[in-house]
file data_22.cif (mmCIF, C-alpha atoms)
data_my_file
loop_
_atom_site.label_atom_id
_atom_site.label_comp_id
_atom_site.auth_asym_id
_atom_site.auth_seq_id
_atom_site.Cartn_x
_atom_site.Cartn_y
_atom_site.Cartn_z
CA MET A 20 81.32 53.92 80.09
CA ALA A 21 83.82 55.72 77.88
CA GLU A 22 87.21 56.56 79.35
CA ILE A 23 88.21 60.21 78.92
CA TYR A 24 91.83 61.38 79.16
CA LEU A 25 92.38 65.14 79.38
CA PRO A 26 95.50 67.27 78.83
CA SER A 27 97.46 68.48 81.86
CA THR A 28 96.67 72.09 81.00
CA LEU A 29 92.99 71.75 81.92
CA PRO A 30 92.78 70.66 85.59
CA PRO A 31 94.50 73.83 86.89
CA LEU A 32 91.67 75.86 85.34
CA PHE A 33 88.80 73.87 86.87
CA PRO A 34 89.03 72.83 90.53
CA GLY A 35 88.25 69.15 90.98
CA LEU A 36 88.68 68.22 87.33
CA PRO A 37 90.68 64.96 87.06
CA ARG A 38 92.98 64.01 84.19
CA ARG A 39 91.02 60.78 83.67
CA LEU A 40 87.31 60.13 84.13
CA GLU A 41 84.50 57.89 82.84
CA LEU A 42 81.28 59.06 81.18
CA GLU A 43 78.24 57.60 79.44
CA ALA A 44 78.34 59.56 76.19
CA ALA A 45 77.11 59.03 72.63
CA THR A 46 79.52 61.34 70.80
CA VAL A 47 82.58 63.53 71.35
CA ASP A 48 80.27 66.55 71.51
CA ASP A 49 78.31 64.79 74.24
CA VAL A 50 81.52 64.32 76.20
CA VAL A 51 82.28 68.01 75.94
CA ASP A 52 78.74 68.94 76.98
CA GLN A 53 78.89 66.72 80.04
CA LEU A 54 82.26 68.07 81.06
CA ASP A 55 80.96 71.62 80.65
CA ALA A 56 77.93 70.84 82.77
CA SER A 57 80.15 69.75 85.65
CA TRP A 58 82.89 72.33 85.08
CA PRO A 59 81.28 75.42 83.50
CA GLY A 60 83.47 77.07 80.90
CA LEU A 61 85.35 73.92 79.98
CA ARG A 62 83.67 73.68 76.58
CA ASP A 63 85.14 77.04 75.60
CA ARG A 64 88.64 75.78 76.30
CA LEU A 65 88.26 72.91 73.80
CA VAL A 66 85.70 74.10 71.24
CA GLU A 67 85.39 77.44 69.48
CA PRO A 68 82.24 79.04 68.08
CA GLY A 69 80.95 77.31 65.01
CA PRO A 70 81.16 74.96 66.77
CA SER A 71 84.45 73.31 65.88
CA ILE A 72 87.29 71.80 67.86
CA ARG A 73 89.98 74.43 68.54
CA PRO A 74 92.78 74.25 65.94
CA HIS A 75 95.47 73.13 68.40
CA ILE A 76 93.27 70.65 70.27
CA HIS A 77 92.98 67.10 68.93
CA PHE A 78 90.42 64.49 69.94
CA TYR A 79 91.10 60.80 69.36
CA VAL A 80 88.48 58.06 69.78
CA ASP A 81 90.03 54.62 70.07
CA ARG A 82 93.24 56.04 68.59
CA GLU A 83 91.53 57.54 65.55
CA ARG A 84 91.39 61.33 65.02
CA ALA A 85 87.84 62.38 65.85
CA ALA A 86 85.42 65.24 65.22
CA LEU A 87 82.63 66.54 67.44
CA ASP A 88 80.11 64.21 65.80
CA THR A 89 82.27 61.09 66.08
CA PRO A 90 80.21 58.37 67.83
CA LEU A 91 81.50 56.53 70.87
CA GLU A 92 81.23 52.83 71.67
CA PRO A 93 80.29 51.85 75.23
CA ARG A 94 83.95 51.15 76.10
CA SER A 95 85.62 53.77 73.89
CA ARG A 96 88.76 55.57 74.96
CA VAL A 97 88.78 59.32 74.25
CA ASP A 98 92.11 61.15 74.33
CA VAL A 99 92.15 64.94 74.29
CA ILE A 100 95.55 66.23 73.24
CA ALA A 101 96.98 69.75 73.32
CA ALA A 102 98.88 69.62 70.04
CA ILE A 103 102.49 70.65 69.59
CA SER A 104 102.39 74.41 69.50
CA GLY A 105 104.37 77.43 70.63
CA GLY A 106 107.73 77.40 72.34
CA MET B 27 102.71 102.66 104.26
CA SER B 28 101.61 102.22 100.66
CA ARG B 29 102.48 99.17 98.62
CA THR B 30 103.72 99.74 95.09
CA VAL B 31 102.71 96.88 92.81
CA VAL B 32 104.05 96.57 89.27
CA LEU B 33 101.99 94.21 87.13
CA VAL B 34 103.98 92.51 84.39
CA GLY B 35 102.20 90.65 81.59
CA THR B 36 104.48 88.22 79.75
CA ARG B 37 104.49 85.55 77.09
CA LYS B 38 104.40 83.01 79.95
CA GLY B 39 102.05 84.40 82.55
CA THR B 40 101.61 87.40 84.85
CA PHE B 41 104.25 88.42 87.39
CA LEU B 42 103.99 90.93 90.22
CA LEU B 43 106.79 93.09 91.59
CA GLU B 44 106.16 94.64 94.98
CA SER B 45 107.85 97.37 96.96
CA ASP B 46 106.94 100.06 99.46
CA ASP B 47 106.60 103.75 98.65
CA GLY B 48 110.39 104.12 98.59
CA ARG B 49 110.54 101.80 95.56
CA ARG B 50 114.11 100.63 96.17
CA ASP B 51 113.76 96.93 97.03
CA TRP B 52 111.47 94.71 95.01
CA GLU B 53 110.00 91.27 95.56
CA LEU B 54 108.98 89.16 92.56
CA ARG B 55 105.96 86.83 92.63
CA GLY B 56 104.64 84.59 89.87
CA PRO B 57 104.19 83.29 87.30
CA PHE B 58 100.41 83.47 87.57
CA CYS B 59 97.63 82.66 85.10
CA GLU B 60 98.97 79.13 84.56
CA ASN B 61 101.70 80.57 82.35
CA TRP B 62 99.22 81.54 79.64
CA PRO B 63 100.42 84.23 77.23
CA VAL B 64 99.22 87.48 78.83
CA TYR B 65 98.87 90.57 76.68
CA HIS B 66 97.74 93.13 79.25
CA ALA B 67 97.46 92.92 83.04
CA ILE B 68 95.77 95.80 84.86
CA TYR B 69 94.77 96.72 88.41
CA ASP B 70 91.22 97.98 88.87
CA GLY B 71 91.34 100.33 91.82
CA SER B 72 87.57 100.45 92.23
CA SER B 73 87.34 96.72 92.98
CA GLY B 74 90.90 95.97 94.04
CA THR B 75 91.05 93.26 91.37
CA ILE B 76 93.81 92.37 88.96
CA PHE B 77 92.58 91.47 85.48
CA ALA B 78 94.78 89.84 82.83
CA ALA B 79 93.90 89.44 79.16
CA ALA B 80 95.26 86.13 77.93
CA ALA B 81 95.16 84.01 74.80
CA SER B 82 96.36 80.42 74.60
CA GLU B 83 97.08 78.68 71.30
CA TRP B 84 95.46 75.58 72.81
CA HIS B 85 92.56 76.93 74.79
CA GLY B 86 91.61 80.29 73.23
CA SER B 87 91.13 83.70 74.83
CA THR B 88 90.11 84.38 78.40
CA ILE B 89 90.31 86.98 81.14
CA TRP B 90 92.00 86.00 84.39
CA ARG B 91 91.12 87.81 87.61
CA SER B 92 92.57 87.95 91.09
CA PRO B 93 90.70 89.79 93.89
CA ASP B 94 93.61 89.49 96.35
CA LEU B 95 96.72 90.78 94.57
CA GLY B 96 97.65 87.45 93.06
CA GLU B 97 96.92 85.07 95.93
CA THR B 98 94.06 83.39 94.08
CA TRP B 99 93.03 83.42 90.42
CA GLU B 100 90.02 82.47 88.31
CA GLN B 101 89.37 82.81 84.61
CA SER B 102 86.29 83.21 82.46
CA SER B 103 85.51 83.66 78.79
CA GLU B 104 81.74 83.27 79.07
CA GLY B 105 80.32 85.42 76.28
CA LEU B 106 83.76 86.43 75.06
CA ALA B 107 83.16 85.32 71.47
CA TYR B 108 81.52 86.95 68.48
CA GLU B 109 79.16 84.08 67.72
CA ALA B 110 78.13 83.83 71.36
CA ASP B 111 76.41 87.15 70.85
CA GLY B 112 74.61 86.02 67.73
CA GLY B 113 76.99 87.90 65.44
CA LYS B 114 77.12 85.19 62.80
CA ASN B 115 79.08 87.62 60.69
CA GLY B 116 82.16 85.54 60.16
CA LYS B 117 84.23 87.45 62.68
CA LYS B 118 86.58 85.35 64.73
CA MET B 119 88.42 86.25 67.88
CA SER B 120 92.11 85.46 67.73
CA LYS B 121 93.27 87.36 70.79
CA VAL B 122 92.23 89.58 73.68
CA SER B 123 94.64 92.49 73.32
CA ASN B 124 93.96 94.89 76.16
CA LEU B 125 91.76 95.87 79.08
CA ALA B 126 90.37 99.05 80.61
CA ALA B 127 88.42 99.39 83.86
CA ARG B 128 86.35 102.19 85.33
CA ASN B 129 83.54 102.38 87.91
CA GLY B 130 82.80 98.67 87.98
CA ARG B 131 82.90 98.32 84.23
CA LEU B 132 85.48 96.36 82.30
CA LEU B 133 86.14 96.66 78.56
CA ALA B 134 88.31 94.33 76.49
CA GLY B 135 89.70 95.16 73.06
CA VAL B 136 90.10 92.14 70.81
CA GLU B 137 91.30 90.91 67.41
CA MET B 138 89.41 90.88 64.97
CA PRO B 139 88.45 94.42 65.92
CA GLY B 140 85.82 94.63 68.61
CA ILE B 141 85.15 95.59 72.21
CA PHE B 142 83.60 93.30 74.82
CA GLU B 143 82.12 94.46 78.11
CA SER B 144 81.74 92.95 81.56
CA THR B 145 79.70 94.58 84.33
CA ASP B 146 80.02 91.72 86.83
CA GLY B 147 83.72 91.84 87.51
CA GLY B 148 84.87 89.75 84.57
CA VAL B 149 82.63 86.74 85.26
CA THR B 150 80.55 87.14 82.09
CA TRP B 151 81.07 89.14 78.92
CA SER B 152 79.00 90.50 76.04
CA LEU B 153 79.82 92.13 72.74
CA PHE B 154 79.80 95.90 73.21
CA SER B 155 80.81 97.22 69.78
CA THR B 156 82.55 96.26 66.57
CA LEU B 157 82.46 99.87 65.36
CA ALA B 158 80.48 98.52 62.42
CA GLY B 159 79.76 101.08 59.76
CA GLU B 160 82.57 103.40 60.80
CA PRO B 161 85.05 104.49 58.13
CA GLY B 162 87.42 101.60 57.44
CA SER B 163 85.25 98.91 59.07
CA THR B 164 84.62 97.14 55.77
CA GLU B 165 88.37 96.86 55.32
CA TRP B 166 89.21 95.75 58.86
CA ASP B 167 86.38 93.20 58.87
CA ASP B 168 87.65 91.67 55.61
CA PRO B 169 89.14 88.25 56.46
CA ALA B 170 91.88 88.93 53.89
CA ASN B 171 93.10 91.78 56.10
CA GLN B 172 93.48 89.64 59.21
CA PRO B 173 96.67 88.14 60.63
CA PRO B 174 99.50 88.49 59.83
CA GLY B 175 98.09 92.01 59.70
CA HIS B 176 96.86 91.46 63.29
CA LEU B 177 94.18 94.11 63.11
CA GLY B 178 92.34 94.60 66.36
CA VAL B 179 91.23 97.13 68.94
CA SER B 180 94.61 97.63 70.52
CA ALA B 181 93.73 100.11 73.24
CA ILE B 182 90.76 101.60 75.09
CA MET B 183 91.03 104.78 77.18
CA PHE B 184 88.21 105.93 79.47
CA ASP B 185 87.44 109.56 80.13
CA THR B 186 88.15 110.46 83.75
CA GLU B 187 84.72 111.96 84.40
CA ASP B 188 82.17 110.98 81.77
CA ASP B 189 81.34 107.26 81.74
CA ALA B 190 79.86 107.52 78.24
CA ARG B 191 83.02 108.95 76.72
CA PHE B 192 86.09 106.98 75.74
CA TRP B 193 88.58 106.39 72.98
CA ALA B 194 89.56 103.22 71.12
CA ILE B 195 92.40 102.52 68.70
CA VAL B 196 91.78 100.28 65.70
CA GLN B 197 95.21 99.13 64.59
CA GLY B 198 96.41 100.55 61.30
CA MET B 199 93.24 102.56 60.98
CA SER B 200 92.36 105.23 63.49
CA LEU B 201 91.84 106.64 66.93
CA PHE B 202 88.08 106.75 67.48
CA GLU B 203 86.16 108.72 70.12
CA THR B 204 82.67 108.03 71.40
CA THR B 205 80.71 110.42 73.61
CA ASP B 206 77.50 108.36 73.72
CA ASP B 207 78.75 105.10 75.15
CA GLY B 208 79.63 103.50 71.85
CA LYS B 209 76.47 104.31 69.92
CA SER B 210 78.49 106.46 67.52
CA TRP B 211 82.17 107.03 66.93
CA THR B 212 84.26 109.80 65.40
CA PRO B 213 87.72 109.30 63.87
CA ARG B 214 90.29 111.58 65.55
CA ASN B 215 93.19 111.76 63.12
CA VAL B 216 93.28 115.36 61.89
CA GLY B 217 96.89 116.46 61.45
CA LEU B 218 98.40 112.97 61.54
CA ARG B 219 100.87 111.80 58.91
CA ALA B 220 100.83 108.57 56.90
CA ASP B 221 103.58 107.39 54.56
CA TRP B 222 101.30 105.03 52.63
CA PRO B 223 98.21 105.32 50.40
CA ARG B 224 94.94 105.82 52.25
CA PRO B 225 91.83 104.94 50.20
CA ILE B 226 89.53 106.42 52.86
CA ASP B 227 90.21 110.01 53.79
CA GLU B 228 89.36 109.94 57.52
CA VAL B 229 91.26 106.79 58.44
CA GLY B 230 94.29 104.70 57.49
CA PHE B 231 96.61 106.01 60.21
CA CYS B 232 98.78 103.73 62.29
CA VAL B 233 98.13 104.85 65.85
CA HIS B 234 100.33 102.95 68.29
CA LYS B 235 99.64 104.57 71.64
CA VAL B 236 97.64 107.51 73.00
CA VAL B 237 97.94 108.89 76.51
CA ARG B 238 96.17 111.82 78.14
CA SER B 239 97.38 114.22 80.79
CA PRO B 240 95.60 113.72 84.11
CA VAL B 241 95.97 117.44 84.90
CA ASP B 242 94.66 118.78 81.58
CA GLY B 243 92.19 116.58 79.71
CA ASN B 244 92.73 118.53 76.50
CA ARG B 245 96.37 117.46 76.35
CA MET B 246 97.08 114.17 74.64
CA TYR B 247 100.22 112.61 73.25
CA GLN B 248 100.38 110.01 70.52
CA GLN B 249 103.15 107.66 69.42
CA ASN B 250 102.32 106.87 65.84
CA HIS B 251 104.01 104.46 63.44
CA VAL B 252 105.33 107.63 61.83
CA GLY B 253 106.01 110.29 64.38
CA MET B 254 105.24 111.67 67.81
CA HIS B 255 102.24 113.93 68.02
CA ARG B 256 100.58 116.22 70.55
CA SER B 257 97.00 117.38 70.82
CA ASP B 258 95.88 120.45 72.77
CA ASP B 259 92.18 119.97 72.02
CA CYS B 260 91.50 116.48 73.29
CA GLY B 261 92.44 114.67 70.10
CA GLN B 262 90.48 116.77 67.64
CA THR B 263 93.70 117.93 65.96
CA TRP B 264 97.29 116.75 66.19
CA THR B 265 100.65 118.49 65.81
CA GLU B 266 103.81 116.52 65.09
CA ILE B 267 106.58 116.82 67.71
CA THR B 268 109.06 114.25 66.43
CA GLU B 269 111.97 116.66 65.95
CA GLY B 270 114.70 115.97 68.49
CA LEU B 271 113.92 112.27 68.90
CA PRO B 272 116.30 109.64 67.45
CA THR B 273 113.52 107.87 65.52
CA GLU B 274 109.91 108.56 64.68
CA PHE B 275 108.86 105.02 65.66
CA GLY B 276 107.97 103.43 68.98
CA PHE B 277 105.15 102.04 71.05
CA ALA B 278 105.31 102.89 74.75
CA ALA B 279 104.42 106.29 76.19
CA ALA B 280 103.57 107.84 79.54
CA THR B 281 102.41 111.23 80.80
CA HIS B 282 103.58 112.90 83.98
CA PRO B 283 100.82 112.83 86.63
CA GLY B 284 101.42 116.43 87.69
CA ASP B 285 102.74 118.29 84.64
CA LYS B 286 100.93 118.33 81.33
CA ASP B 287 104.06 119.34 79.43
CA THR B 288 106.16 116.39 80.63
CA PHE B 289 105.89 113.22 78.66
CA TYR B 290 107.99 110.08 78.19
CA VAL B 291 108.52 107.88 75.15
CA ILE B 292 110.82 105.03 74.11
CA PRO B 293 111.90 105.48 70.47
CA LEU B 294 112.71 102.27 68.59
CA ASP B 295 114.23 101.48 65.25
CA PRO B 296 111.44 100.85 62.73
CA GLY B 297 111.29 97.89 60.36
CA HIS B 298 112.01 94.40 61.57
CA GLY B 299 114.25 95.42 64.45
CA ARG B 300 112.01 97.51 66.64
CA THR B 301 114.73 97.72 69.25
CA MET B 302 116.39 100.68 70.93
CA PRO B 303 118.67 102.60 68.53
CA ASP B 304 122.36 101.57 68.49
CA GLY B 305 121.77 99.05 71.28
CA GLN B 306 121.69 101.86 73.83
CA ALA B 307 118.70 101.86 76.14
CA ALA B 308 117.03 105.18 76.79
CA VAL B 309 113.74 106.73 77.75
CA TRP B 310 113.24 110.12 76.17
CA ARG B 311 111.54 112.96 78.03
CA THR B 312 110.14 116.31 77.06
CA GLN B 313 109.31 118.90 79.71
CA ASP B 314 108.03 121.49 77.27
CA ALA B 315 105.29 119.60 75.42
CA GLY B 316 107.60 118.32 72.73
CA GLU B 317 109.64 121.43 71.90
CA THR B 318 112.80 119.71 73.11
CA TRP B 319 113.68 116.13 74.06
CA HIS B 320 116.30 114.66 76.39
CA ALA B 321 117.53 111.08 76.70
CA LEU B 322 117.39 109.55 80.18
CA ARG B 323 120.08 106.85 80.29
CA THR B 324 121.58 106.74 83.78
CA GLY B 325 121.53 103.16 84.97
CA LEU B 326 120.29 101.76 81.66
CA PRO B 327 122.53 99.48 79.54
CA GLN B 328 124.44 101.48 76.94
CA GLN B 329 126.08 98.68 74.99
CA GLY B 330 124.53 95.74 73.16
CA ALA B 331 121.04 96.40 74.52
CA PHE B 332 118.95 95.50 71.50
CA VAL B 333 115.72 95.41 73.42
CA GLY B 334 112.19 96.37 72.46
CA VAL B 335 109.32 97.73 74.52
CA LEU B 336 105.73 97.17 73.41
CA ARG B 337 102.62 99.37 73.45
CA GLU B 338 101.63 98.70 77.04
CA GLY B 339 105.23 98.24 78.16
CA MET B 340 105.76 101.47 80.15
CA ALA B 341 103.90 102.88 83.16
CA ILE B 342 104.21 105.80 85.56
CA ASP B 343 103.02 105.95 89.16
CA THR B 344 101.35 108.85 90.97
CA TYR B 345 103.69 109.53 93.89
CA ASP B 346 104.77 113.15 94.46
CA THR B 347 108.02 112.18 92.78
CA PRO B 348 106.66 109.85 90.12
CA GLY B 349 108.32 106.54 89.33
CA LEU B 350 108.59 105.06 85.85
CA TYR B 351 108.71 101.41 84.87
CA PHE B 352 109.27 99.61 81.57
CA GLY B 353 109.54 95.98 80.55
CA THR B 354 111.49 94.61 77.61
CA SER B 355 111.19 91.95 74.95
CA THR B 356 114.06 90.20 76.73
CA GLY B 357 112.34 89.96 80.09
CA GLN B 358 113.88 92.80 82.05
CA VAL B 359 111.99 95.37 84.10
CA PHE B 360 113.69 98.71 84.68
CA ALA B 361 112.43 101.20 87.25
CA SER B 362 113.12 104.79 88.17
CA ALA B 363 111.97 106.34 91.45
CA ASP B 364 113.03 109.85 90.41
CA GLU B 365 111.01 110.71 87.30
CA GLY B 366 113.42 108.92 84.98
CA GLU B 367 116.63 110.62 86.11
CA SER B 368 118.17 107.28 87.16
CA TRP B 369 117.20 103.68 86.58
CA SER B 370 117.77 100.25 88.06
CA GLU B 371 116.93 96.76 86.87
CA ILE B 372 114.28 95.31 89.23
CA ALA B 373 113.70 92.01 87.39
CA ARG B 374 115.57 90.01 84.80
CA TYR B 375 115.20 86.68 83.01
CA LEU B 376 111.42 86.98 82.81
CA PRO B 377 109.64 85.80 79.67
CA ALA B 378 109.15 88.38 76.91
CA ILE B 379 107.14 91.24 78.39
CA SER B 380 103.89 92.43 76.84
CA SER B 381 102.69 94.93 79.41
CA VAL B 382 103.70 96.86 82.51
CA GLU B 383 101.24 98.65 84.77
CA VAL B 384 101.70 100.08 88.25
CA ALA B 385 99.32 100.47 91.18
CA ILE B 386 99.64 102.08 94.59
CA VAL B 387 97.73 99.98 97.09
CA ASP B 388 97.04 101.26 100.60
#
call {"tool": "encode", "arguments": {"input": "data_22.cif", "output": "structure tokens"}}
result
Amino acid sequence: MAEIYLPSTLPPLFPGLPRRLELEAATVDDVVDQLDASWPGLRDRLVEPGPSIRPHIHFYVDRERAALDTPLEPRSRVDVIAAISGG
Amino acid sequence: MSRTVVLVGTRKGTFLLESDDGRRDWELRGPFCENWPVYHAIYDGSSGTIFAAAASEWHGSTIWRSPDLGETWEQSSEGLAYEADGGKNGKKMSKVSNLAARNGRLLAGVEMPGIFESTDGGVTWSLFSTLAGEPGSTEWDDPANQPPGHLGVSAIMFDTEDDARFWAIVQGMSLFETTDDGKSWTPRNVGLRADWPRPIDEVGFCVHKVVRSPVDGNRMYQQNHVGMHRSDDCGQTWTEITEGLPTEFGFAAATHPGDKDTFYVIPLDPGHGRTMPDGQAAVWRTQDAGETWHALRTGLPQQGAFVGVLREGMAIDTYDTPGLYFGTSTGQVFASADEGESWSEIARYLPAISSVEVAIVD
């Protein structure tokens, strides 16, 4: 199971969404798909049409910057970060 | 007793100011919409729902909705993307700019220029029109003309009777009218002025704000980048009425609900400033369709008030003695319960204000 850590800006938009959860997922895109299946609309908050990760959202897999097609290991840690932006 | 609700869209969420029909004491609630940047918050009287157009640098564009005057909120952007409708034309949505509601239908104007529609109360959206093929569309769809140009559909105005008729502003280009529910559009710029080269004859005008008299549908007023204008034939031709105003530039405008000749505007210095001239706050009013103008200053700061007011930043209510409201770039809301004769500050220290709308709720 991969460990997923989400930014604090997401749970207020989706009732029941935790900051941390565990998923069986093959890639980052798979993580996003599974999250969207449980919390419809969540994909659109992280990924824009293309598809590509939104410019101010960063995914890290095991501390390395990741793309949608980045594969996950069975015990990977996935951090989703709302990048420094605005004021 | 009626409730008067002023909806304030800000850089950090939506706020609501509430009073009774006397409009003297105000209660502030908010911020709502999880502090997302809100560009236009409206009240849809047909459904009793507040809608707020928002765009987050992190999480993209969405439309928030509250069916209970701000008690609860949800958001959705399902279908609110060009590619989601199979566009595949390279257009990208950077912001939802504005909203308009009528008879259960909701339209959203967006950047890059386009209009999205929802017929299920803002739960799902679909692309309604990009005005493709209209004069200027090749230019406004050119990625090289996108931000910092910030071209978009900056306003949509429904007809009061005909559901298939409405107007849309494409920034820096034109006011367009459709009478067949968006199947075709006609530029409505005859008589307007432009102080820059225009490669295409029908368009290239910088229309900031258009409002229409509720008592005479032929009467429209327009704040343009260069000049105030009036139309007596429902936008088919325009006559400049700038003379008597301190500047030709501004954004916000409002029409009197009971008098087609009375109209309000907030002139600003052009250029980078875009604040009230000489640091003296004023709303200017004509009561003779633009022949003469008078500054309304009582109760407004007259020293060091270098404040701006944006396109959707002023609203007027529909009481027998109408009240006016405007919100500033420095987070103040000023209100008048006597048609602009006197003003008071009903909120301060809010985030920068993008929009002000008012609703009377029974």
call {"tool": "closest_residue", "arguments": {"input": "data_22.cif", "among": "A:Pro70, A:Gly35, A:Pro26, A:Gly60", "to": "Asp48 (chain A)", "atoms": "all atoms listed in the file"}}
result
A:Pro70
call {"tool": "atom_distance", "arguments": {"input": "data_22.cif", "atom1": "CA of Tyr24 (chain A)", "atom2": "CA of Ile100 (chain A)"}}
result
8.5 Å
call {"tool": "residues_near_point", "arguments": {"input": "data_22.cif", "point": "(85.6, 104.6, 86.5)", "cutoff": "12 Å", "atoms": "all atoms listed in the file", "output": "VMD selection string"}}
result
chain B and resid 70 to 73 126 to 133 145 183 to 192
call {"tool": "closest_atom_pairs", "arguments": {"input": "data_22.cif", "of": "chain B", "to": "chain A", "cutoff": "7 Å", "atoms": "only C-alpha atoms", "output": "CSV"}}
result
residue,atom,partner,partner_atom,distance
B:Glu83,CA,A:His75,CA,6.5
B:Trp84,CA,A:His75,CA,5.0
B:His85,CA,A:Arg64,CA,4.4
B:Gly86,CA,A:Arg64,CA,6.2
B:Ser102,CA,A:Gly60,CA,6.9
B:Glu104,CA,A:Gly60,CA,6.7
B:Glu109,CA,A:Pro68,CA,5.9
call {"tool": "closest_residue", "arguments": {"input": "data_22.cif", "among": "A:Ala85, A:Met20, A:Leu91, A:Leu36", "to": "Asp55 (chain A)", "atoms": "all atoms listed in the file"}}
result
A:Leu36
call {"tool": "closest_residue", "arguments": {"input": "data_22.cif", "among": "A:Val51, A:Ile72, A:Leu87, A:Leu25", "to": "Pro37 (chain A)", "atoms": "all atoms listed in the file"}}
result
A:Leu25
call {"tool": "residues_around", "arguments": {"input": "data_22.cif", "residues": "Gly325 (chain B)", "least_positions_apart": "6", "cutoff": "6 Å", "atoms": "all atoms listed in the file", "output": "PyMOL selection string"}}
result
chain B and resi 368-370
call {"tool": "resolve_selection", "arguments": {"input": "data_22.cif", "expression": "the PyMOL selection byres ((chain B and resi 248) around 10)", "output": "ChimeraX atom specification"}}
result
/B:201,218,233-238,246-247,249-251,253-257,261,264-267,277-280,291
call {"tool": "residues_near_point", "arguments": {"input": "data_22.cif", "point": "(90.8, 106.8, 56.2)", "cutoff": "10 Å", "atoms": "all atoms listed in the file", "output": "list of chain:residue names"}}
result
B:Pro161, B:Gly162, B:Gly198, B:Met199, B:Ser200, B:Pro213, B:Asn215, B:Pro223, B:Arg224, B:Pro225, B:Ile226, B:Asp227, B:Glu228, B:Val229, B:Gly230, B:Phe231
call {"tool": "atom_distance", "arguments": {"input": "data_22.cif", "atom1": "CA of Ala170 (chain B)", "atom2": "CA of Met138 (chain B)"}}
result
11.5 Å
call {"tool": "atom_distance", "arguments": {"input": "data_22.cif", "atom1": "CA of Thr212 (chain B)", "atom2": "CA of Asn124 (chain B)"}}
result
20.8 Å
call {"tool": "residues_around", "arguments": {"input": "data_22.cif", "residues": "Ala79 (chain B)", "least_positions_apart": "4", "cutoff": "7 Å", "atoms": "only C-alpha atoms", "output": "count of residues only"}}
result
11
call {"tool": "axis_aligned_box", "arguments": {"input": "data_22.cif", "around": "region 69-77 of chain A", "padding_each_side": "6 Å", "output": "AutoDock Vina command-line options"}}
result
--center_x 88.2 --center_y 72.2 --center_z 67.6 --size_x 26.5 --size_y 22.2 --size_z 17.3
call {"tool": "residues_around", "arguments": {"input": "data_22.cif", "residues": "Met119 (chain B)", "least_positions_apart": "3", "cutoff": "9 Å", "atoms": "only C-alpha atoms", "output": "list in words"}}
result
Gly86, Ser87, Leu106, Ala107, Tyr108, Val122, Val136, Glu137, Met138, Pro139 and Gly140 of chain B
call {"tool": "resolve_selection", "arguments": {"input": "data_22.cif", "expression": "the PyMOL selection byres ((chain A and resi 44) around 10)", "output": "ChimeraX atom specification"}}
result
/A:20-22,41-43,45-53,90-93,95
call {"tool": "residues_around", "arguments": {"input": "data_22.cif", "residues": "Tyr375 (chain B)", "least_positions_apart": "3", "cutoff": "10 Å", "atoms": "all atoms listed in the file", "output": "PyMOL selection string"}}
result
chain B and resi 356-359+378
call {"tool": "write_last_selection", "arguments": {"input": "data_22.cif", "atoms": "C-alpha atoms", "output": "PDB file, in the frame of the given file"}}
result
ATOM      1  CA  THR B 356     114.060  90.200  76.730  1.00  0.00           C
ATOM      2  CA  GLY B 357     112.340  89.960  80.090  1.00  0.00           C
ATOM      3  CA  GLN B 358     113.880  92.800  82.050  1.00  0.00           C
ATOM      4  CA  VAL B 359     111.990  95.370  84.100  1.00  0.00           C
ATOM      5  CA  ALA B 378     109.150  88.380  76.910  1.00  0.00           C
TER       6      ALA B 378
END
call {"tool": "closest_residue", "arguments": {"input": "data_22.cif", "among": "B:Gly105, B:Pro296, B:Pro272, B:Gly366", "to": "Ala341 (chain B)", "atoms": "only C-alpha atoms"}}
result
B:Gly366
